[in-house]
file data_2.txt (compact mmCIF, C-alpha atoms)
# COMPACT_ATOMS: atom_id res chain seq x y z
CA MET A 18 -10.73 11.92 -12.77
CA GLY A 19 -8.66 10.02 -15.29
CA LEU A 20 -8.76 6.41 -16.48
CA HIS A 21 -6.74 4.59 -19.13
CA LEU A 22 -7.69 0.97 -19.80
CA PRO A 23 -6.32 -1.21 -22.60
CA PRO A 24 -8.72 -3.48 -24.51
CA ALA A 25 -10.48 -6.16 -22.49
CA MET A 26 -9.99 -9.84 -23.32
CA PRO A 27 -13.22 -11.82 -22.92
CA ALA A 28 -12.95 -14.67 -20.43
CA GLU A 29 -14.02 -17.11 -23.13
CA GLU A 30 -11.06 -16.04 -25.26
CA ALA A 31 -8.68 -16.53 -22.34
CA VAL A 32 -9.99 -20.08 -21.95
CA ARG A 33 -9.64 -20.70 -25.68
CA GLN A 34 -6.00 -19.56 -25.57
CA GLY A 35 -5.28 -21.81 -22.61
CA LEU A 36 -4.57 -18.88 -20.27
CA THR A 37 -7.15 -20.08 -17.75
CA ASP A 38 -9.87 -22.71 -17.40
CA GLU A 39 -13.64 -22.67 -17.27
CA TRP A 40 -13.71 -23.51 -13.54
CA THR A 41 -11.72 -20.33 -12.73
CA VAL A 42 -14.00 -18.23 -14.89
CA ARG A 43 -17.11 -19.67 -13.20
CA ARG A 44 -15.62 -19.20 -9.74
CA THR A 45 -14.54 -15.58 -10.25
CA ARG A 46 -17.45 -14.62 -12.55
CA MET A 47 -15.08 -12.33 -14.41
CA ARG A 48 -16.51 -11.48 -17.82
CA SER A 49 -13.26 -10.10 -19.21
CA VAL A 50 -9.94 -8.60 -18.15
CA CYS A 51 -7.98 -5.62 -19.49
CA VAL A 52 -4.68 -6.68 -21.07
CA GLY A 53 -2.18 -4.07 -22.19
CA THR A 54 1.29 -3.65 -23.66
CA GLN A 55 2.25 -0.36 -21.97
CA ALA A 56 4.03 -0.23 -18.61
CA GLY A 57 2.10 0.92 -15.56
CA PRO A 58 3.61 4.43 -15.44
CA GLN A 59 2.82 4.98 -19.12
CA MET A 60 -0.85 4.21 -18.53
CA ALA A 61 -0.77 6.39 -15.39
CA VAL A 62 0.47 9.30 -17.52
CA GLU A 63 -2.47 8.91 -19.92
CA ALA A 64 -4.89 8.87 -17.00
CA ALA A 65 -3.16 11.84 -15.36
CA ARG A 66 -3.47 13.98 -18.49
CA GLU A 67 -7.20 13.29 -18.58
CA ALA A 68 -7.58 14.08 -14.88
CA LEU A 69 -5.70 17.35 -15.19
CA ARG A 70 -7.86 18.40 -18.15
CA HIS A 71 -11.00 17.43 -16.25
CA ALA A 72 -9.90 19.49 -13.25
CA ASP A 73 -8.66 22.37 -15.44
CA ALA A 74 -5.44 22.23 -13.41
CA ALA A 75 -2.31 23.98 -14.67
CA PRO A 76 1.22 22.79 -13.78
CA HIS A 77 1.63 25.54 -11.20
CA ASP A 78 -1.53 24.35 -9.41
CA ILE A 79 -0.05 20.93 -8.59
CA ASP A 80 1.92 20.91 -5.32
CA LEU A 81 2.33 17.13 -4.96
CA VAL A 82 2.46 14.09 -7.25
CA LEU A 83 1.98 10.64 -5.73
CA HIS A 84 2.12 7.46 -7.80
CA ALA A 85 0.91 4.16 -6.34
CA SER A 86 1.54 0.71 -7.74
CA SER A 87 1.51 -2.98 -6.82
CA TYR A 88 4.00 -4.50 -9.23
CA PHE A 89 7.14 -3.88 -11.29
CA GLN A 90 7.06 -0.49 -13.02
CA GLY A 91 9.33 -1.18 -15.98
CA TYR A 92 12.81 -0.24 -14.77
CA ASP A 93 15.06 -1.18 -11.85
CA LEU A 94 16.22 1.49 -9.39
CA TRP A 95 13.90 4.07 -10.94
CA ALA A 96 11.45 6.69 -9.66
CA PRO A 97 8.14 6.22 -11.54
CA ALA A 98 6.46 9.15 -9.78
CA SER A 99 9.04 11.49 -11.29
CA TYR A 100 8.26 10.06 -14.73
CA VAL A 101 4.55 10.72 -14.26
CA GLN A 102 5.35 14.23 -13.07
CA ARG A 103 7.62 14.94 -16.04
CA GLU A 104 5.30 13.54 -18.71
CA ALA A 105 1.92 14.66 -17.35
CA VAL A 106 2.53 17.74 -15.20
CA GLY A 107 5.87 19.26 -16.18
CA ASN A 108 6.57 21.13 -12.95
CA ALA A 109 9.07 20.72 -10.10
CA CYS A 110 6.92 19.93 -7.04
CA LEU A 111 7.48 17.03 -4.65
CA SER A 112 6.82 13.63 -6.25
CA LEU A 113 6.83 10.29 -4.44
CA ALA A 114 5.98 6.64 -5.07
CA VAL A 115 3.62 4.80 -2.73
CA GLU A 116 3.81 1.03 -2.48
CA GLN A 117 1.06 -0.53 -0.40
CA LEU A 118 -0.31 -3.09 -2.82
CA SER A 119 -4.06 -2.95 -3.48
CA ASN A 120 -4.60 -0.20 -0.91
CA GLY A 121 -1.85 1.96 -2.39
CA GLY A 122 -4.15 4.35 -4.23
CA MET A 123 -6.21 5.10 -1.14
CA ALA A 124 -3.08 5.34 1.02
CA ALA A 125 -1.76 7.94 -1.42
CA LEU A 126 -5.11 9.73 -1.27
CA GLU A 127 -4.85 10.00 2.51
CA LEU A 128 -1.28 11.29 2.30
CA ALA A 129 -2.29 13.86 -0.32
CA VAL A 130 -5.17 15.14 1.80
CA ALA A 131 -2.87 15.58 4.80
CA TYR A 132 -0.23 17.32 2.66
CA LEU A 133 -2.73 19.85 1.30
CA ARG A 134 -4.18 20.53 4.73
CA ALA A 135 -0.75 21.09 6.28
CA ASP A 136 -0.14 24.36 4.39
CA ALA A 137 -2.88 26.79 3.39
CA SER A 138 -0.88 27.94 0.37
CA ARG A 139 -1.03 24.51 -1.28
CA HIS A 140 -3.54 24.22 -4.09
CA SER A 141 -3.81 20.70 -5.56
CA ALA A 142 -2.32 17.22 -5.60
CA LEU A 143 -2.23 14.61 -8.36
CA VAL A 144 -2.51 10.95 -7.36
CA THR A 145 -1.99 8.25 -9.99
CA THR A 146 -1.82 4.48 -10.16
CA GLY A 147 -0.59 2.15 -12.86
CA ASP A 148 0.21 -1.53 -13.25
CA ARG A 149 0.77 -4.08 -15.98
CA PHE A 150 0.58 -7.67 -14.77
CA CYS A 151 2.35 -10.11 -17.06
CA LEU A 152 4.66 -13.09 -17.27
CA PRO A 153 7.25 -14.10 -16.35
CA GLY A 154 6.67 -12.45 -12.99
CA ILE A 155 2.90 -12.67 -12.71
CA ASP A 156 0.24 -14.94 -14.16
CA ARG A 157 -2.83 -12.70 -14.00
CA TRP A 158 -5.16 -15.71 -13.67
CA THR A 159 -3.30 -17.80 -11.07
CA THR A 160 -0.87 -15.65 -9.05
CA ASP A 161 -3.64 -14.69 -6.60
CA PRO A 162 -6.33 -17.41 -6.81
CA GLY A 163 -9.80 -15.91 -6.84
CA THR A 164 -8.53 -12.61 -8.25
CA VAL A 165 -7.92 -11.83 -11.92
CA LEU A 166 -5.38 -9.05 -12.40
CA GLY A 167 -6.09 -6.34 -14.97
CA ASP A 168 -3.86 -3.69 -16.54
CA GLY A 169 -4.56 0.02 -16.44
CA GLY A 170 -3.79 3.50 -15.16
CA THR A 171 -5.91 5.83 -13.04
CA ALA A 172 -5.62 9.37 -11.72
CA ILE A 173 -7.39 11.83 -9.46
CA VAL A 174 -6.81 15.51 -8.71
CA LEU A 175 -7.46 16.74 -5.16
CA SER A 176 -7.87 20.46 -4.65
CA THR A 177 -8.42 22.93 -1.84
CA ALA A 178 -10.11 25.18 -4.40
CA GLY A 179 -13.13 22.98 -4.97
CA GLY A 180 -14.21 20.13 -7.23
CA PHE A 181 -17.16 17.96 -8.19
CA ALA A 182 -17.13 16.06 -4.86
CA LEU A 183 -16.27 16.69 -1.23
CA ILE A 184 -14.42 14.16 0.93
CA ARG A 185 -16.65 13.90 3.99
CA SER A 186 -14.45 11.34 5.77
CA LEU A 187 -11.33 9.27 5.19
CA VAL A 188 -10.46 6.42 7.55
CA THR A 189 -7.68 3.82 7.53
CA VAL A 190 -7.45 0.79 9.81
CA SER A 191 -4.27 -1.31 9.87
CA ASP A 192 -3.47 -4.80 11.14
CA PRO A 193 0.24 -5.50 10.50
CA VAL A 194 -0.09 -8.93 12.11
CA LEU A 195 -1.40 -9.95 8.69
CA GLU A 196 1.66 -8.74 6.76
CA LYS A 197 2.90 -12.32 6.93
CA MET A 198 0.13 -13.23 4.49
CA GLY A 199 2.47 -11.97 1.77
CA ARG A 200 5.68 -13.35 3.27
CA GLY A 201 4.99 -16.72 4.81
CA ASP A 202 8.11 -18.47 6.05
CA ASP A 203 10.22 -17.61 3.02
CA PRO A 204 13.68 -16.19 3.78
CA PHE A 205 14.44 -12.66 2.64
CA ALA A 206 15.62 -12.88 -0.97
CA THR A 207 18.56 -11.07 -2.56
CA ALA A 208 16.80 -10.26 -5.86
CA PRO A 209 13.23 -9.91 -7.18
CA MET A 210 11.36 -13.15 -7.88
CA GLU A 211 14.23 -15.22 -6.50
CA THR A 212 11.92 -17.37 -4.38
CA ARG A 213 9.45 -18.42 -7.08
CA THR A 214 8.42 -17.36 -10.57
CA PRO A 215 5.65 -16.59 -11.34
CA ILE A 216 4.86 -15.01 -7.99
CA SER A 217 2.42 -17.02 -5.86
CA VAL A 218 0.21 -15.27 -3.34
CA GLU A 219 -1.39 -18.55 -2.31
CA GLU A 220 1.73 -20.22 -0.86
CA PRO A 221 2.58 -17.66 1.87
CA ARG A 222 -1.12 -17.17 2.59
CA ALA A 223 -1.57 -20.90 3.18
CA ARG A 224 1.34 -20.86 5.62
CA LEU A 225 -0.26 -18.06 7.63
CA VAL A 226 -3.56 -19.95 7.73
CA LYS A 227 -1.74 -22.99 9.09
CA GLU A 228 0.00 -20.88 11.74
CA MET A 229 -2.90 -18.63 12.76
CA GLY A 230 -5.94 -20.72 11.92
CA MET A 231 -8.62 -19.88 9.40
CA SER A 232 -11.08 -18.66 12.04
CA GLU A 233 -8.77 -15.96 13.41
CA LEU A 234 -7.70 -14.89 9.94
CA ILE A 235 -11.29 -14.44 8.81
CA ASP A 236 -12.15 -12.57 12.01
CA ARG A 237 -9.25 -10.14 11.53
CA LEU A 238 -10.13 -9.52 7.89
CA HIS A 239 -13.79 -8.88 8.65
CA THR A 240 -13.06 -6.78 11.74
CA GLY A 241 -10.66 -4.45 9.94
CA GLN A 242 -12.96 -3.90 6.97
CA ARG A 243 -16.03 -3.37 9.13
CA GLU A 244 -14.21 -0.97 11.49
CA ALA A 245 -12.96 1.23 8.64
CA PHE A 246 -16.38 1.26 6.96
CA GLU A 247 -18.38 2.06 10.09
CA GLN A 248 -15.93 4.71 11.30
CA ALA A 249 -15.98 6.45 7.92
CA LEU A 250 -19.79 6.52 7.96
CA LEU A 251 -19.77 7.84 11.51
CA GLU A 252 -17.29 10.63 10.77
CA ALA A 253 -19.25 11.61 7.66
CA ASP A 254 -22.51 11.57 9.65
CA VAL A 255 -24.04 9.24 7.06
CA LYS A 256 -26.03 6.04 7.46
CA GLN A 257 -25.21 3.06 5.26
CA GLU A 258 -28.67 3.08 3.73
CA ASP A 259 -28.08 6.68 2.60
CA LEU A 260 -25.24 5.68 0.28
CA ASP A 261 -26.28 6.02 -3.36
CA TRP A 262 -23.32 4.00 -4.65
CA THR A 263 -20.23 2.18 -3.41
CA VAL A 264 -16.95 1.73 -5.27
CA LEU A 265 -15.38 -1.65 -4.51
CA PRO A 266 -12.26 -3.57 -5.58
CA HIS A 267 -12.51 -5.76 -8.70
CA LEU A 268 -11.93 -9.16 -7.09
CA GLY A 269 -13.44 -12.50 -8.04
CA ARG A 270 -17.05 -13.00 -6.98
CA ALA A 271 -16.29 -15.43 -4.13
CA LYS A 272 -13.92 -12.91 -2.57
CA MET A 273 -16.40 -10.09 -3.13
CA ASP A 274 -19.10 -12.04 -1.32
CA PHE A 275 -16.77 -12.89 1.55
CA GLN A 276 -15.21 -9.47 2.08
CA PHE A 277 -17.85 -6.97 0.96
CA PHE A 278 -21.32 -8.10 -0.06
CA SER A 279 -22.04 -10.42 2.88
CA ALA A 280 -19.63 -8.88 5.37
CA LEU A 281 -20.85 -5.29 4.89
CA GLY A 282 -24.39 -5.98 3.72
CA LEU A 283 -23.88 -4.36 0.30
CA ASP A 284 -26.14 -4.93 -2.70
CA PRO A 285 -23.85 -5.83 -5.64
CA GLU A 286 -26.07 -3.92 -8.06
CA ARG A 287 -25.51 -0.69 -6.12
CA THR A 288 -21.75 -1.06 -6.39
CA THR A 289 -19.22 -0.90 -9.22
CA TRP A 290 -18.84 -4.72 -9.25
CA PRO A 291 -20.96 -5.26 -12.40
CA TRP A 292 -18.51 -3.02 -14.29
CA GLY A 293 -15.34 -4.12 -12.47
CA SER A 294 -16.02 -7.75 -13.32
CA GLY A 295 -15.20 -6.84 -16.90
CA VAL A 296 -11.98 -5.00 -16.06
CA GLY A 297 -9.99 -7.07 -13.58
CA HIS A 298 -8.22 -6.04 -10.39
CA LEU A 299 -6.07 -2.99 -11.20
CA GLY A 300 -3.76 -3.35 -8.23
CA ALA A 301 -3.79 0.03 -6.47
CA GLY A 302 -6.22 1.58 -8.94
CA ASP A 303 -9.67 0.05 -8.44
CA MET A 304 -11.08 2.92 -6.36
CA PHE A 305 -10.15 5.69 -8.79
CA ALA A 306 -11.15 3.54 -11.76
CA GLY A 307 -14.60 2.92 -10.32
CA LEU A 308 -15.11 6.60 -9.55
CA ALA A 309 -13.97 7.54 -13.06
CA HIS A 310 -16.45 5.02 -14.49
CA LEU A 311 -19.31 6.56 -12.52
CA THR A 312 -18.22 9.99 -13.73
CA ARG A 313 -17.97 8.96 -17.38
CA THR A 314 -21.37 7.26 -17.39
CA GLY A 315 -23.15 10.23 -15.81
CA ALA A 316 -24.13 8.21 -12.76
CA LEU A 317 -23.13 10.93 -10.28
CA ARG A 318 -25.76 13.49 -9.29
CA PRO A 319 -25.44 16.54 -7.00
CA GLY A 320 -26.36 15.65 -3.44
CA GLN A 321 -25.51 11.97 -3.75
CA MET A 322 -23.44 10.26 -1.07
CA GLY A 323 -21.07 7.45 -1.95
CA ALA A 324 -18.19 5.46 -0.52
CA LEU A 325 -14.84 4.18 -1.73
CA VAL A 326 -14.17 0.92 0.13
CA SER A 327 -10.62 -0.37 -0.24
CA ALA A 328 -8.38 -3.07 1.22
CA GLY A 329 -4.84 -4.25 0.62
CA GLY A 330 -2.03 -6.44 1.86
CA GLY A 331 -0.13 -5.34 4.89
CA PHE A 332 -2.93 -5.43 6.00
CA ALA A 333 -4.85 -2.14 5.66
CA TRP A 334 -8.39 -1.00 4.93
CA THR A 335 -9.25 2.53 3.81
CA VAL A 336 -12.75 3.95 3.34
CA ALA A 337 -13.70 7.41 2.08
CA VAL A 338 -17.20 8.88 2.03
CA LEU A 339 -17.82 11.42 -0.75
CA GLN A 340 -20.59 13.93 -1.29
CA VAL A 341 -21.25 14.86 -4.92
CA LEU A 342 -21.45 18.64 -5.30
CA THR A 343 -21.90 19.12 -9.03
CA ALA A 344 -22.45 17.00 -12.12
CA ALA A 345 -19.01 15.65 -13.01
call {"tool": "encode", "arguments": {"input": "data_2.txt", "output": "structure tokens"}}
result
Amino acid sequence: MGLHLPPAMPAEEAVRQGLTDEWTVRRTRMRSVCVGTQAGPQMAVEAAREALRHADAAPHDIDLVLHASSYFQGYDLWAPASYVQREAVGNACLSLAVEQLSNGGMAALELAVAYLRADASRHSALVTTGDRFCLPGIDRWTTDPGTVLGDGGTAIVLSTAGGFALIRSLVTVSDPVLEKMGRGDDPFATAPMETRTPISVEEPRARLVKEMGMSELIDRLHTGQREAFEQALLEADVKQEDLDWTVLPHLGRAKMDFQFFSALGLDPERTTWPWGSGVGHLGAGDMFAGLAHLTRTGALRPGQMGALVSAGGGFAWTVAVLQVLTAA
């Protein structure tokens, strides 16, 4: 595992600087948010180097590099996955970018698993994420009301040759009817941020609510998340009460209650929320960040069962159940 986080700005300091207000801080219950100066791919490289060292993986071991992100990566018409490969791995395997918003990291994980399974000669895959959310394009406190966006890079190495944890199941459920939540009725633009700057997630979402109705929207969101979660538990032959920990996205508390704690019956204290509330939502990287945090703090024990529970615009939900094999 690899994780690179810039320093965290306390919520009180953000209020003092006029970046947000006390009502937003109370509503989200975010204690702080990571704010960096490096571009997403640069932070992904730092995380990737750590993950490769942790996995003791040499360049010739890596058969695939996937880089997931949610926002602008620093250059136009550029391949950030190739940059991560060049700077962190230094080989010539296949590298690709994955763009599926907040579920991008888990989508890349699923693609990497399938790629390794497709050919018995393949050894390992590197999956990274990286985002920096900043003006003029994004206001980390207001672009997506109820979510505070944090900067950082994450990485994970998957291997057919073993590791500290085994993927017992990996399930994705998709509902593309909800893709309009990110589009609304806006016409297709001819350039980035042509419609509005900073980007507003709330405006197109409000239009979908008006068209579909809040009741149906909530039902679809809950149904997709629940289906992915229950199917992953079923395929792993694990009961929910047997989970020792659950890695969740770093959303504001109201959203966490709505989508995870109440909807799935999860105890916040047995999830990564207490830590994530001091980091911010890392776009595609929350799952790998949470797992890296558990690894760094020595919270993982052999025999434990845990779940990575992800969701992202499009709309898609991915859940993985892991079994810890050795102390990480």
call {"tool": "closest_residue", "arguments": {"input": "data_2.txt", "among": "A:Ala333, A:Ala301, A:Leu317, A:Cys151", "to": "Gly122 in chain A", "atoms": "all atoms listed in the file"}}
result
A:Ala301
call {"tool": "closest_residue", "arguments": {"input": "data_2.txt", "among": "A:Ala131, A:Ile79, A:Leu36, A:Ala328", "to": "Asn108 in chain A", "atoms": "all atoms listed in the file"}}
result
A:Ile79
call {"tool": "residues_around", "arguments": {"input": "data_2.txt", "residues": "His71 in chain A", "least_positions_apart": "3", "cutoff": "10 Å", "atoms": "only C-alpha atoms", "output": "mmCIF file with C-alpha atoms, in the frame of the given file"}}
result
data_model
loop_
_atom_site.group_PDB
_atom_site.id
_atom_site.type_symbol
_atom_site.label_atom_id
_atom_site.label_comp_id
_atom_site.auth_asym_id
_atom_site.auth_seq_id
_atom_site.Cartn_x
_atom_site.Cartn_y
_atom_site.Cartn_z
ATOM 1 C CA MET A 18 -10.730 11.920 -12.770
ATOM 2 C CA GLY A 19 -8.660 10.020 -15.290
ATOM 3 C CA ALA A 65 -3.160 11.840 -15.360
ATOM 4 C CA ARG A 66 -3.470 13.980 -18.490
ATOM 5 C CA GLU A 67 -7.200 13.290 -18.580
ATOM 6 C CA ALA A 68 -7.580 14.080 -14.880
ATOM 7 C CA ALA A 74 -5.440 22.230 -13.410
ATOM 8 C CA ILE A 173 -7.390 11.830 -9.460
ATOM 9 C CA VAL A 174 -6.810 15.510 -8.710
ATOM 10 C CA GLY A 180 -14.210 20.130 -7.230
ATOM 11 C CA ALA A 345 -19.010 15.650 -13.010
#
call {"tool": "closest_atom_pairs", "arguments": {"input": "data_2.txt", "of": "range 77-175 of chain A", "to": "range 211-225 of chain A", "cutoff": "8 Å", "atoms": "all atoms listed in the file", "output": "tab-separated table"}}
result
residue	atom	partner	partner_atom	distance
A:Leu152	CA	A:Pro215	CA	7.0
A:Pro153	CA	A:Pro215	CA	5.8
A:Gly154	CA	A:Pro215	CA	4.6
A:Ile155	CA	A:Pro215	CA	5.0
A:Asp156	CA	A:Pro215	CA	6.3
A:Thr159	CA	A:Ser217	CA	7.8
A:Thr160	CA	A:Ser217	CA	4.8
A:Asp161	CA	A:Val218	CA	5.1
A:Pro162	CA	A:Glu219	CA	6.8
call {"tool": "atom_distance", "arguments": {"input": "data_2.txt", "atom1": "CA of Gly107 in chain A", "atom2": "CA of Ala75 in chain A"}}
result
9.6 Å
call {"tool": "residues_near_point", "arguments": {"input": "data_2.txt", "point": "(-22.6, 14.2, -4.0)", "cutoff": "8 Å", "atoms": "all atoms listed in the file", "output": "list of chain:residue names"}}
result
A:Phe181, A:Ala182, A:Leu183, A:Leu317, A:Arg318, A:Pro319, A:Gly320, A:Gln321, A:Met322, A:Gly323, A:Leu339, A:Gln340, A:Val341, A:Leu342, A:Thr343
call {"tool": "atom_distance", "arguments": {"input": "data_2.txt", "atom1": "CA of Ala28 in chain A", "atom2": "CA of Arg46 in chain A"}}
result
9.1 Å
call {"tool": "decode", "arguments": {"input": "data_2.txt", "residues": "range 85-141 of chain A", "atoms": "C-alpha atoms", "output": "PDB file, in the first residue's frame"}}
result
ATOM      1  CA  ALA A  85      -7.527   6.726 -11.630  1.00  0.00           C
ATOM      2  CA  SER A  86      -8.550  10.318 -11.055  1.00  0.00           C
ATOM      3  CA  SER A  87     -11.577  12.581 -10.715  1.00  0.00           C
ATOM      4  CA  TYR A  88     -10.261  15.969 -11.785  1.00  0.00           C
ATOM      5  CA  PHE A  89      -7.727  17.797 -13.961  1.00  0.00           C
ATOM      6  CA  GLN A  90      -4.298  16.148 -13.830  1.00  0.00           C
ATOM      7  CA  GLY A  91      -2.085  19.127 -14.635  1.00  0.00           C
ATOM      8  CA  TYR A  92      -1.737  19.070 -18.420  1.00  0.00           C
ATOM      9  CA  ASP A  93      -4.087  19.038 -21.412  1.00  0.00           C
ATOM     10  CA  LEU A  94      -4.014  16.131 -23.872  1.00  0.00           C
ATOM     11  CA  TRP A  95      -1.661  14.157 -21.643  1.00  0.00           C
ATOM     12  CA  ALA A  96      -1.426  10.574 -20.375  1.00  0.00           C
ATOM     13  CA  PRO A  97      -0.947  10.707 -16.573  1.00  0.00           C
ATOM     14  CA  ALA A  98      -0.728   6.918 -16.237  1.00  0.00           C
ATOM     15  CA  SER A  99       2.379   6.948 -18.424  1.00  0.00           C
ATOM     16  CA  TYR A 100       3.904   9.588 -16.149  1.00  0.00           C
ATOM     17  CA  VAL A 101       3.256   7.445 -13.075  1.00  0.00           C
ATOM     18  CA  GLN A 102       4.746   4.459 -14.883  1.00  0.00           C
ATOM     19  CA  ARG A 103       7.853   6.386 -15.934  1.00  0.00           C
ATOM     20  CA  GLU A 104       8.526   8.007 -12.567  1.00  0.00           C
ATOM     21  CA  ALA A 105       7.574   5.165 -10.216  1.00  0.00           C
ATOM     22  CA  VAL A 106       8.035   1.915 -12.143  1.00  0.00           C
ATOM     23  CA  GLY A 107      10.367   2.553 -15.063  1.00  0.00           C
ATOM     24  CA  ASN A 108       9.266  -0.343 -17.263  1.00  0.00           C
ATOM     25  CA  ALA A 109       7.347  -0.630 -20.547  1.00  0.00           C
ATOM     26  CA  CYS A 110       4.141  -2.508 -19.621  1.00  0.00           C
ATOM     27  CA  LEU A 111       0.619  -1.407 -20.522  1.00  0.00           C
ATOM     28  CA  SER A 112      -0.469   1.772 -18.712  1.00  0.00           C
ATOM     29  CA  LEU A 113      -3.939   3.309 -18.814  1.00  0.00           C
ATOM     30  CA  ALA A 114      -5.942   6.080 -17.158  1.00  0.00           C
ATOM     31  CA  VAL A 115      -9.312   5.303 -15.574  1.00  0.00           C
ATOM     32  CA  GLU A 116     -11.852   8.084 -15.176  1.00  0.00           C
ATOM     33  CA  GLN A 117     -14.926   7.098 -13.194  1.00  0.00           C
ATOM     34  CA  LEU A 118     -14.997   9.823 -10.573  1.00  0.00           C
ATOM     35  CA  SER A 119     -15.122   8.663  -6.946  1.00  0.00           C
ATOM     36  CA  ASN A 120     -15.412   4.994  -7.922  1.00  0.00           C
ATOM     37  CA  GLY A 121     -12.406   5.207 -10.234  1.00  0.00           C
ATOM     38  CA  GLY A 122      -9.954   3.543  -7.879  1.00  0.00           C
ATOM     39  CA  MET A 123     -12.186   0.537  -7.322  1.00  0.00           C
ATOM     40  CA  ALA A 124     -13.057   0.355 -11.026  1.00  0.00           C
ATOM     41  CA  ALA A 125      -9.330   0.218 -11.758  1.00  0.00           C
ATOM     42  CA  LEU A 126      -8.941  -2.473  -9.099  1.00  0.00           C
ATOM     43  CA  GLU A 127     -11.551  -4.620 -10.819  1.00  0.00           C
ATOM     44  CA  LEU A 128      -9.900  -4.139 -14.208  1.00  0.00           C
ATOM     45  CA  ALA A 129      -6.498  -5.030 -12.755  1.00  0.00           C
ATOM     46  CA  VAL A 130      -7.823  -8.222 -11.178  1.00  0.00           C
ATOM     47  CA  ALA A 131      -9.353  -9.319 -14.486  1.00  0.00           C
ATOM     48  CA  TYR A 132      -6.144  -8.474 -16.366  1.00  0.00           C
ATOM     49  CA  LEU A 133      -3.997 -10.577 -14.039  1.00  0.00           C
ATOM     50  CA  ARG A 134      -6.410 -13.494 -14.149  1.00  0.00           C
ATOM     51  CA  ALA A 135      -6.561 -13.466 -17.950  1.00  0.00           C
ATOM     52  CA  ASP A 136      -2.956 -14.674 -18.366  1.00  0.00           C
ATOM     53  CA  ALA A 137      -1.192 -16.997 -15.934  1.00  0.00           C
ATOM     54  CA  SER A 138       2.178 -15.468 -16.803  1.00  0.00           C
ATOM     55  CA  ARG A 139       1.215 -12.050 -15.425  1.00  0.00           C
ATOM     56  CA  HIS A 140       2.660 -11.256 -12.025  1.00  0.00           C
ATOM     57  CA  SER A 141       1.475  -7.909 -10.593  1.00  0.00           C
TER      58      SER A 141
END
